[in-house]
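Participant: For reference, the file entry-v3.cif (mmCIF, C-alpha atoms) is included below:
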data_my_file
#
loop_
_atom_site.label_atom_id
_atom_site.label_comp_id
_atom_site.auth_asym_id
_atom_site.auth_seq_id
_atom_site.Cartn_x
_atom_site.Cartn_y
_atom_site.Cartn_z
CA MET A 1 175.58 91.07 133.35
CA LYS A 2 176.95 92.51 136.58
CA THR A 3 176.20 91.97 140.24
CA VAL A 4 175.17 94.94 142.35
CA GLU A 5 175.44 94.52 146.08
CA VAL A 6 172.29 95.57 147.95
CA LYS A 7 172.62 94.21 151.49
CA LYS A 8 169.41 95.81 152.70
CA GLY A 9 166.65 94.58 154.93
CA ILE A 10 163.58 93.91 152.82
CA LEU A 11 161.33 95.73 155.27
CA GLU A 12 163.61 98.76 155.40
CA ARG A 13 160.82 101.22 154.57
CA ASN A 14 158.55 99.92 157.31
CA GLN A 15 161.54 100.01 159.64
CA GLU A 16 162.17 103.67 158.83
CA ASN A 17 158.55 104.50 159.61
CA ALA A 18 158.68 102.42 162.80
CA ASP A 19 161.86 104.21 163.90
CA LEU A 20 160.16 107.56 163.28
CA LEU A 21 157.16 106.46 165.38
CA ARG A 22 159.48 105.19 168.12
CA SER A 23 161.19 108.58 168.33
CA ILE A 24 157.81 110.36 168.49
CA PHE A 25 156.67 108.02 171.27
CA TYR A 26 159.95 108.53 173.09
CA GLN A 27 159.70 112.33 172.91
CA ASN A 28 156.20 112.18 174.35
CA ARG A 29 157.12 109.49 176.90
CA ILE A 30 154.37 107.19 175.66
CA PHE A 31 154.51 103.49 176.41
CA VAL A 32 153.33 101.57 173.35
CA MET A 33 152.17 97.99 173.33
CA ASN A 34 151.40 95.98 170.20
CA LEU A 35 148.82 93.34 171.09
CA VAL A 36 148.85 90.28 168.81
CA SER A 37 147.02 86.93 168.66
CA SER A 38 144.91 84.72 166.42
CA PRO A 39 141.35 85.92 165.81
CA GLY A 40 139.19 85.26 168.85
CA SER A 41 141.83 84.78 171.54
CA GLY A 42 140.37 87.64 173.56
CA LYS A 43 142.46 90.73 172.76
CA THR A 44 139.50 93.10 172.97
CA SER A 45 138.04 91.28 175.98
CA LEU A 46 141.36 91.67 177.81
CA LEU A 47 141.32 95.40 177.03
CA GLU A 48 137.72 95.69 178.27
CA LYS A 49 138.87 94.30 181.62
CA VAL A 50 142.25 96.02 181.95
CA LEU A 51 141.42 99.50 180.63
CA PRO A 52 138.96 100.44 183.42
CA ILE A 53 141.73 99.75 185.97
CA VAL A 54 144.55 101.54 184.16
CA LYS A 55 142.58 104.56 182.90
CA GLU A 56 142.08 105.74 186.49
CA ASN A 57 145.71 106.86 186.55
CA TYR A 58 146.70 107.25 182.90
CA ASN A 59 145.49 108.61 179.56
CA ILE A 60 145.28 105.75 177.13
CA LEU A 61 144.66 105.66 173.40
CA VAL A 62 143.72 102.40 171.69
CA ILE A 63 144.28 101.81 167.98
CA GLU A 64 142.22 98.94 166.63
CA GLY A 65 143.22 97.06 163.50
CA ASP A 66 140.64 94.94 161.71
CA LEU A 67 139.82 94.12 158.11
CA GLN A 68 136.33 95.54 158.50
CA THR A 69 133.91 97.08 161.04
CA GLU A 70 134.20 99.58 163.86
CA ASN A 71 133.01 96.98 166.42
CA ASP A 72 136.19 96.63 168.47
CA ALA A 73 136.76 100.38 168.73
CA GLU A 74 133.16 100.72 169.95
CA ARG A 75 133.73 98.05 172.60
CA VAL A 76 136.82 99.93 173.81
CA ARG A 77 134.98 103.30 173.83
CA LYS A 78 132.38 101.81 176.18
CA THR A 79 135.16 101.58 178.80
CA GLY A 80 135.61 105.36 178.49
CA VAL A 81 138.90 105.09 176.64
CA GLU A 82 139.42 106.77 173.29
CA ALA A 83 139.80 104.41 170.34
CA ILE A 84 140.74 104.85 166.70
CA GLN A 85 139.67 102.13 164.28
CA ILE A 86 141.83 101.24 161.30
CA ASN A 87 140.12 99.10 158.66
CA THR A 88 142.80 97.46 156.56
CA GLY A 89 140.32 96.32 153.89
CA GLY A 90 141.98 93.05 153.08
CA ALA A 91 145.40 93.41 154.64
CA CYS A 92 146.27 90.83 157.27
CA HIS A 93 148.47 93.06 159.42
CA LEU A 94 149.13 96.68 160.36
CA GLU A 95 152.20 98.47 159.04
CA ALA A 96 154.00 101.41 160.60
CA VAL A 97 152.66 103.73 157.91
CA ASN A 98 149.06 102.95 159.04
CA ILE A 99 149.91 104.15 162.54
CA LEU A 100 151.71 107.26 161.25
CA LYS A 101 148.64 108.17 159.19
CA VAL A 102 146.11 107.95 162.03
CA LEU A 103 148.37 109.80 164.47
CA LYS A 104 149.08 112.65 162.05
CA GLY A 105 147.90 115.88 163.66
CA TYR A 106 146.89 114.04 166.81
CA ASP A 107 147.83 115.73 170.08
CA LEU A 108 150.00 113.13 171.81
CA THR A 109 151.22 115.36 174.61
CA LYS A 110 148.59 114.18 177.07
CA ILE A 111 148.78 110.48 176.18
CA ASP A 112 150.62 108.09 178.52
CA CYS A 113 150.02 104.84 176.74
CA ILE A 114 149.02 103.62 173.29
CA ILE A 115 147.74 100.11 172.84
CA ILE A 116 147.68 98.87 169.27
CA GLU A 117 145.40 95.90 168.85
CA ASN A 118 146.74 94.31 165.70
CA VAL A 119 144.72 92.34 163.16
CA GLY A 120 144.01 88.86 164.54
CA ASN A 121 146.71 86.84 162.82
CA LEU A 122 149.61 84.86 164.25
CA VAL A 123 151.84 85.09 161.18
CA CYS A 124 151.94 88.36 159.27
CA PRO A 125 152.06 90.99 162.08
CA SER A 126 155.30 89.39 163.32
CA SER A 127 157.26 90.95 160.45
CA PHE A 128 156.11 94.55 160.90
CA ASP A 129 157.53 96.75 163.63
CA LEU A 130 155.04 99.49 164.58
CA GLY A 131 157.43 101.47 166.76
CA GLU A 132 156.11 99.75 169.88
CA ASP A 133 158.05 99.17 173.09
CA LEU A 134 156.99 95.56 173.09
CA LYS A 135 154.62 93.01 171.67
CA VAL A 136 152.18 91.17 173.91
CA LEU A 137 151.10 87.81 172.52
CA LEU A 138 147.82 86.25 173.61
CA ILE A 139 146.98 82.60 173.23
CA SER A 140 143.81 81.10 174.62
CA THR A 141 142.96 77.71 176.02
CA THR A 142 140.52 77.00 173.17
CA GLU A 143 143.48 76.88 170.81
CA GLY A 144 146.03 74.07 170.67
CA GLU A 145 148.73 74.15 173.34
CA ASP A 146 151.29 73.71 170.56
CA LYS A 147 150.44 77.14 169.07
CA PRO A 148 153.82 78.57 170.20
CA ILE A 149 155.84 76.05 168.19
CA LYS A 150 153.42 76.18 165.24
CA TYR A 151 153.78 79.97 164.98
CA PRO A 152 157.33 80.49 166.25
CA SER A 153 158.09 83.76 164.45
CA MET A 154 155.41 85.59 166.46
CA VAL A 155 156.69 84.08 169.72
CA ARG A 156 160.23 85.15 168.84
CA VAL A 157 159.32 88.83 168.46
CA SER A 158 157.04 89.01 171.52
CA SER A 159 158.13 90.00 175.03
CA VAL A 160 155.06 88.90 176.94
CA LEU A 161 152.80 85.86 176.66
CA VAL A 162 149.28 85.97 178.07
CA VAL A 163 147.49 82.64 178.32
CA ASN A 164 143.82 83.63 178.27
CA LYS A 165 140.45 81.90 178.89
CA LEU A 166 141.75 80.01 181.93
CA ASP A 167 138.13 79.49 183.05
CA LEU A 168 137.58 77.09 180.12
CA ILE A 169 140.31 74.65 181.17
CA PRO A 170 137.83 72.10 182.64
CA TYR A 171 136.14 71.86 179.23
CA VAL A 172 139.09 71.89 176.84
CA ASN A 173 142.10 69.70 176.29
CA PHE A 174 144.75 72.35 176.97
CA ASP A 175 147.81 71.85 179.17
CA VAL A 176 148.82 75.36 180.31
CA GLU A 177 152.27 74.37 181.54
CA LYS A 178 153.00 72.52 178.32
CA ALA A 179 151.99 75.57 176.29
CA ILE A 180 154.27 77.76 178.40
CA THR A 181 157.18 75.32 178.03
CA TYR A 182 156.72 75.36 174.25
CA ALA A 183 156.71 79.16 174.30
CA ILE A 184 159.85 79.35 176.46
CA GLY A 185 161.51 76.88 174.09
CA VAL A 186 160.96 79.36 171.27
CA ASN A 187 161.74 82.50 173.28
CA ASN A 188 163.26 82.10 176.74
CA LYS A 189 162.88 85.82 177.55
CA LEU A 190 159.07 85.77 177.61
CA GLU A 191 157.27 87.18 180.64
CA ILE A 192 154.15 85.10 181.35
CA PHE A 193 150.64 86.01 182.52
CA LYS A 194 147.60 83.77 182.92
CA THR A 195 144.18 85.37 182.67
CA SER A 196 140.46 84.83 182.45
CA CYS A 197 138.34 87.74 181.25
CA PHE A 198 135.30 85.82 182.49
CA THR A 199 136.32 85.26 186.15
CA GLY A 200 138.80 88.14 186.29
CA GLU A 201 141.67 85.87 187.29
CA GLY A 202 145.07 87.41 186.54
CA ILE A 203 143.57 90.70 185.26
CA GLU A 204 144.80 92.75 188.21
CA GLU A 205 148.35 91.37 187.81
CA PHE A 206 148.38 92.30 184.14
CA ALA A 207 147.03 95.79 184.89
CA VAL A 208 149.72 96.30 187.56
CA TRP A 209 152.38 95.22 185.08
CA LEU A 210 151.01 97.64 182.43
CA LYS A 211 150.99 100.53 184.92
CA SER A 212 154.61 99.81 185.86
CA LYS A 213 155.59 99.82 182.18
CA ILE A 214 153.85 103.19 181.68
CA GLU A 215 155.69 104.55 184.73
CA ASP A 216 159.06 103.18 183.53
CA LYS A 217 158.64 105.02 180.22
CA LYS A 218 158.30 108.32 182.07
CA LEU A 219 161.71 108.00 183.72
CA MET B 1 149.48 86.61 153.00
CA HIS B 2 151.85 89.42 153.95
CA GLU B 3 154.12 88.17 151.16
CA ALA B 4 152.44 90.66 148.79
CA SER B 5 153.58 93.49 151.01
CA ILE B 6 157.07 91.99 151.29
CA ALA B 7 157.22 91.49 147.50
CA GLN B 8 156.37 95.18 147.01
CA SER B 9 159.15 96.18 149.39
CA ILE B 10 161.59 93.97 147.48
CA LEU B 11 160.55 95.45 144.14
CA ASP B 12 160.90 99.03 145.46
CA ILE B 13 164.45 98.39 146.69
CA VAL B 14 165.41 96.45 143.54
CA LEU B 15 164.16 99.16 141.15
CA GLU B 16 165.79 101.92 143.18
CA THR B 17 169.13 100.08 143.25
CA ALA B 18 168.91 99.23 139.53
CA LEU B 19 168.16 102.85 138.63
CA LYS B 20 171.05 104.16 140.72
CA ASN B 21 173.40 101.76 138.95
CA GLY B 22 172.19 102.56 135.45
CA ALA B 23 170.84 99.08 134.82
CA ARG B 24 168.46 98.39 131.90
CA THR B 25 167.24 94.98 133.01
CA VAL B 26 167.19 93.12 136.30
CA ARG B 27 167.92 89.41 135.77
CA VAL B 28 168.19 87.93 139.23
CA VAL B 29 167.34 89.07 142.75
CA ASN B 30 169.22 87.16 145.45
CA LEU B 31 167.41 87.04 148.78
CA LEU B 32 168.41 85.75 152.20
CA VAL B 33 165.37 84.42 154.04
CA GLY B 34 165.77 82.83 157.45
CA LYS B 35 163.68 79.75 158.18
CA ILE B 36 161.96 81.43 161.12
CA SER B 37 161.14 84.68 159.31
CA ALA B 38 157.54 83.65 158.49
CA VAL B 39 157.90 84.09 154.76
CA ASP B 40 156.69 81.44 152.34
CA ASN B 41 158.89 81.05 149.26
CA SER B 42 156.16 80.19 146.78
CA ALA B 43 153.73 82.85 148.01
CA LEU B 44 156.52 85.41 147.80
CA THR B 45 157.51 84.32 144.27
CA THR B 46 153.88 84.40 143.08
CA ALA B 47 153.37 87.89 144.50
CA PHE B 48 156.65 89.16 143.04
CA ASP B 49 155.82 87.73 139.60
CA VAL B 50 152.54 89.67 139.56
CA ILE B 51 153.88 93.05 140.63
CA LYS B 52 157.12 93.00 138.62
CA GLU B 53 155.24 93.18 135.30
CA GLY B 54 155.82 96.30 133.29
CA THR B 55 159.00 97.20 135.17
CA ILE B 56 162.65 96.66 134.23
CA ALA B 57 162.51 93.68 136.58
CA ASP B 58 159.72 91.95 134.68
CA SER B 59 161.93 89.02 133.71
CA ALA B 60 163.76 88.91 137.03
CA ILE B 61 164.00 85.65 138.92
CA LEU B 62 163.75 85.60 142.71
CA ASN B 63 166.52 83.41 144.02
CA ILE B 64 165.71 82.65 147.64
CA GLU B 65 168.42 81.29 149.86
CA ASN B 66 166.80 79.87 152.99
CA ILE B 67 169.07 80.26 155.99
CA PRO B 68 168.98 77.44 158.56
CA ILE B 69 168.34 78.15 162.22
CA VAL B 70 171.58 78.00 164.19
CA GLY B 71 171.55 78.58 167.94
CA LYS B 72 174.31 79.01 170.48
CA CYS B 73 173.78 77.92 174.06
CA ASN B 74 174.80 80.70 176.43
CA ASP B 75 175.26 78.20 179.25
CA CYS B 76 177.47 75.50 177.73
CA GLY B 77 178.53 77.17 174.49
CA ASN B 78 177.14 74.40 172.26
CA LEU B 79 176.45 75.48 168.66
CA ASP B 80 173.69 73.53 166.90
CA GLU B 81 171.30 73.64 163.97
CA TYR B 82 167.60 73.48 164.89
CA GLU B 83 165.06 71.86 162.56
CA GLU B 84 162.23 72.18 165.07
CA TYR B 85 161.25 75.60 166.41
CA PHE B 86 162.08 74.65 169.97
CA PHE B 87 165.39 75.99 171.15
CA GLN B 88 166.49 73.84 174.02
CA CYS B 89 170.22 73.11 174.02
CA LYS B 90 170.72 69.59 172.69
CA LYS B 91 173.67 69.08 175.04
CA CYS B 92 172.82 70.64 178.42
CA ARG B 93 169.00 71.06 177.95
CA SER B 94 169.14 74.76 178.80
CA PHE B 95 166.65 77.18 177.20
CA ASN B 96 169.28 79.90 177.22
CA VAL B 97 169.86 79.53 173.48
CA GLU B 98 170.61 82.56 171.34
CA LEU B 99 169.87 82.40 167.62
CA ILE B 100 172.89 83.13 165.45
CA SER B 101 171.00 82.78 162.18
CA GLY B 102 167.55 81.94 160.82
CA GLU B 103 165.82 85.32 161.24
CA GLU B 104 167.20 86.98 158.10
CA LEU B 105 164.99 88.87 155.67
CA SER B 106 167.21 90.79 153.31
CA ILE B 107 168.29 91.37 149.73
CA LYS B 108 171.87 90.24 149.22
CA ASP B 109 172.44 91.52 145.68
CA ILE B 110 170.89 91.85 142.24
CA GLU B 111 172.23 90.76 138.86
CA VAL B 112 171.60 93.33 136.14
CA ASP B 113 172.41 94.23 132.54
#
As structure tokens - that is how I would like this structure written.

Facilitator:
Amino acid sequence: MKTVEVKKGILERNQENADLLRSIFYQNRIFVMNLVSSPGSGKTSLLEKVLPIVKENYNILVIEGDLQTENDAERVRKTGVEAIQINTGGACHLEAVNILKVLKGYDLTKIDCIIIENVGNLVCPSSFDLGEDLKVLLISTTEGEDKPIKYPSMVRVSSVLVVNKLDLIPYVNFDVEKAITYAIGVNNKLEIFKTSCFTGEGIEEFAVWLKSKIEDKKL
Amino acid sequence: MHEASIAQSILDIVLETALKNGARTVRVVNLLVGKISAVDNSALTTAFDVIKEGTIADSAILNIENIPIVGKCNDCGNLDEYEEYFFQCKKCRSFNVELISGEELSIKDIEVD
């Protein structure tokens, strides 16, 4: 018996695909955001509110990841933004190869921003780089405020935390500041937004932030 | 259950490395898995055991070394191990803690015949 040194990252192949995507996005000056959360935190609702504001100035493409149905892509299309639906079948996350496949032959020259709405799952998507500039993590007030320390790997790899469904605070036992402190304890570099897709609170701020990120990528 | 996908990636790298080194059988696969890498040892082992069948790694054992989370405080320099996933410096209470280890997800080496 002999020992053969490997010293390789397990997700090397996904990383190679993600690096390829990142270089394609860079060449085309496309800002790419990977939107992650548990199922039902309001990823699609946030897009329905933010897209109408941002699409006035920029060409956006949304890639929707779900196990089944075209429902989320259809909701996005109603805002006038183009959407591609990926049905993973049973898979609990998107991988870089899924994104490469749907973008093959796609004319990216006119696109300013791609938003990938990942499969609703707070665990698995954390391991798979999709070539994005950053991950935006949504948690909502109907979840436990300790979500950030229960699912730390996702918080670690995210750059932005959006606390959504602020309008429900009077009816739920959710301490926003506590949730944010937990999140900062896991990842002190997080940028924080607080939103309600129902009242519109915080939506404009998030849209302004997204526009500035799209602009920064063009420099 | 992304462990199935991770198991497949492990098997691909293991078989490729074994082939390159003229191995006939893979006995052991030594992995480094950080405690915050969101990978469950038993789910990974179960998935690996299913997909390894019929390959030269079909009797291979996954040996998973779980790496503890160690953080260094960038404010006071304190180095500490963290059991909880809340990285506030245990000395000066700062959140400016950088993780030195705990996020690994790699194959260290394989033992082959």

Participant: May I ask for the distance between CA of Met33 in chain A and CA of Ser94 in chain B, given in Å to one decimal place?

Facilitator: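 Computing it gives 29.3 Å between the two atoms.
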
Participant: Identify, on the basis of all atoms listed in the file, every residue whose closest approach to range 40-51 of chain B does not exceed 10 Å; exclude the query and any residue fewer than 4 positions from it along the same chain; express the result as JSON, numbers by chain.

Facilitator: {"B": [1, 2, 3, 4, 5, 6, 7, 8, 9, 10, 11, 33, 35, 55, 57, 58, 59, 60, 61, 62, 63, 64, 65, 66]}

Participant: Could the residues in this selection be saved with C-alpha atoms as an mmCIF file, in the coordinates of the input?

Facilitator:
data_model
loop_
_atom_site.group_PDB
_atom_site.id
_atom_site.type_symbol
_atom_site.label_atom_id
_atom_site.label_comp_id
_atom_site.auth_asym_id
_atom_site.auth_seq_id
_atom_site.Cartn_x
_atom_site.Cartn_y
_atom_site.Cartn_z
ATOM 1 C CA MET B 1 149.480 86.610 153.000
ATOM 2 C CA HIS B 2 151.850 89.420 153.950
ATOM 3 C CA GLU B 3 154.120 88.170 151.160
ATOM 4 C CA ALA B 4 152.440 90.660 148.790
ATOM 5 C CA SER B 5 153.580 93.490 151.010
ATOM 6 C CA ILE B 6 157.070 91.990 151.290
ATOM 7 C CA ALA B 7 157.220 91.490 147.500
ATOM 8 C CA GLN B 8 156.370 95.180 147.010
ATOM 9 C CA SER B 9 159.150 96.180 149.390
ATOM 10 C CA ILE B 10 161.590 93.970 147.480
ATOM 11 C CA LEU B 11 160.550 95.450 144.140
ATOM 12 C CA VAL B 33 165.370 84.420 154.040
ATOM 13 C CA LYS B 35 163.680 79.750 158.180
ATOM 14 C CA THR B 55 159.000 97.200 135.170
ATOM 15 C CA ALA B 57 162.510 93.680 136.580
ATOM 16 C CA ASP B 58 159.720 91.950 134.680
ATOM 17 C CA SER B 59 161.930 89.020 133.710
ATOM 18 C CA ALA B 60 163.760 88.910 137.030
ATOM 19 C CA ILE B 61 164.000 85.650 138.920
ATOM 20 C CA LEU B 62 163.750 85.600 142.710
ATOM 21 C CA ASN B 63 166.520 83.410 144.020
ATOM 22 C CA ILE B 64 165.710 82.650 147.640
ATOM 23 C CA GLU B 65 168.420 81.290 149.860
ATOM 24 C CA ASN B 66 166.800 79.870 152.990
#

Participant: Taking the file as I've supplied it (selection: the PyMOL selection byres ((chain A) within 7 of (chain B))), which residues are included? Please answer as a PyMOL selection string.

Facilitator: chain A and resi 1-11+92+123-124+149+152-153+182+185-186+188

Participant: Atoms to include: C-alpha atoms. Write the selected residues as a compact mmCIF listing (two decimals), in the coordinates of the input.

Facilitator:
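Contents of again-v9.txt, as written:
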# COMPACT_ATOMS: atom_id res chain seq x y z
CA MET A 1 175.58 91.07 133.35
CA LYS A 2 176.95 92.51 136.58
CA THR A 3 176.20 91.97 140.24
CA VAL A 4 175.17 94.94 142.35
CA GLU A 5 175.44 94.52 146.08
CA VAL A 6 172.29 95.57 147.95
CA LYS A 7 172.62 94.21 151.49
CA LYS A 8 169.41 95.81 152.70
CA GLY A 9 166.65 94.58 154.93
CA ILE A 10 163.58 93.91 152.82
CA LEU A 11 161.33 95.73 155.27
CA CYS A 92 146.27 90.83 157.27
CA VAL A 123 151.84 85.09 161.18
CA CYS A 124 151.94 88.36 159.27
CA ILE A 149 155.84 76.05 168.19
CA PRO A 152 157.33 80.49 166.25
CA SER A 153 158.09 83.76 164.45
CA TYR A 182 156.72 75.36 174.25
CA GLY A 185 161.51 76.88 174.09
CA VAL A 186 160.96 79.36 171.27
CA ASN A 188 163.26 82.10 176.74

Participant: What does the distance from CA of Leu168 in chain A to CA of Tyr151 in chain A come to in Å, to one decimal?

Facilitator: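 CA of Leu168 in chain A sits 22.4 Å away from CA of Tyr151 in chain A.
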
Participant: What residues come out when you apply the PyMOL selection byres ((chain A and resi 53-67) around 7) to this file, written as a ChimeraX atom specification?

Facilitator: /A:50-52,68,72-73,81-91,94,110-119,207,211

Participant: Run through the PyMOL selection byres ((chain B and resi 71) around 9) on the given coordinates and return the selected residues as a list in words.

Facilitator: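 Those residues are Ile69, Val70, Lys72, Cys73, Asn78, Leu79, Asp80, Glu81, Tyr82, Phe87, Cys89, Val97, Glu98, Leu99, Ile100, Ser101 and Gly102 of chain B.
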
Participant: Keeping C-alpha atoms, export the residues of the selection given above as a PDB file, keeping the file's coordinate frame.

Facilitator:
ATOM      1  CA  ILE B  69     168.340  78.150 162.220  1.00  0.00           C
ATOM      2  CA  VAL B  70     171.580  78.000 164.190  1.00  0.00           C
ATOM      3  CA  LYS B  72     174.310  79.010 170.480  1.00  0.00           C
ATOM      4  CA  CYS B  73     173.780  77.920 174.060  1.00  0.00           C
ATOM      5  CA  ASN B  78     177.140  74.400 172.260  1.00  0.00           C
ATOM      6  CA  LEU B  79     176.450  75.480 168.660  1.00  0.00           C
ATOM      7  CA  ASP B  80     173.690  73.530 166.900  1.00  0.00           C
ATOM      8  CA  GLU B  81     171.300  73.640 163.970  1.00  0.00           C
ATOM      9  CA  TYR B  82     167.600  73.480 164.890  1.00  0.00           C
ATOM     10  CA  PHE B  87     165.390  75.990 171.150  1.00  0.00           C
ATOM     11  CA  CYS B  89     170.220  73.110 174.020  1.00  0.00           C
ATOM     12  CA  VAL B  97     169.860  79.530 173.480  1.00  0.00           C
ATOM     13  CA  GLU B  98     170.610  82.560 171.340  1.00  0.00           C
ATOM     14  CA  LEU B  99     169.870  82.400 167.620  1.00  0.00           C
ATOM     15  CA  ILE B 100     172.890  83.130 165.450  1.00  0.00           C
ATOM     16  CA  SER B 101     171.000  82.780 162.180  1.00  0.00           C
ATOM     17  CA  GLY B 102     167.550  81.940 160.820  1.00  0.00           C
TER      18      GLY B 102
END
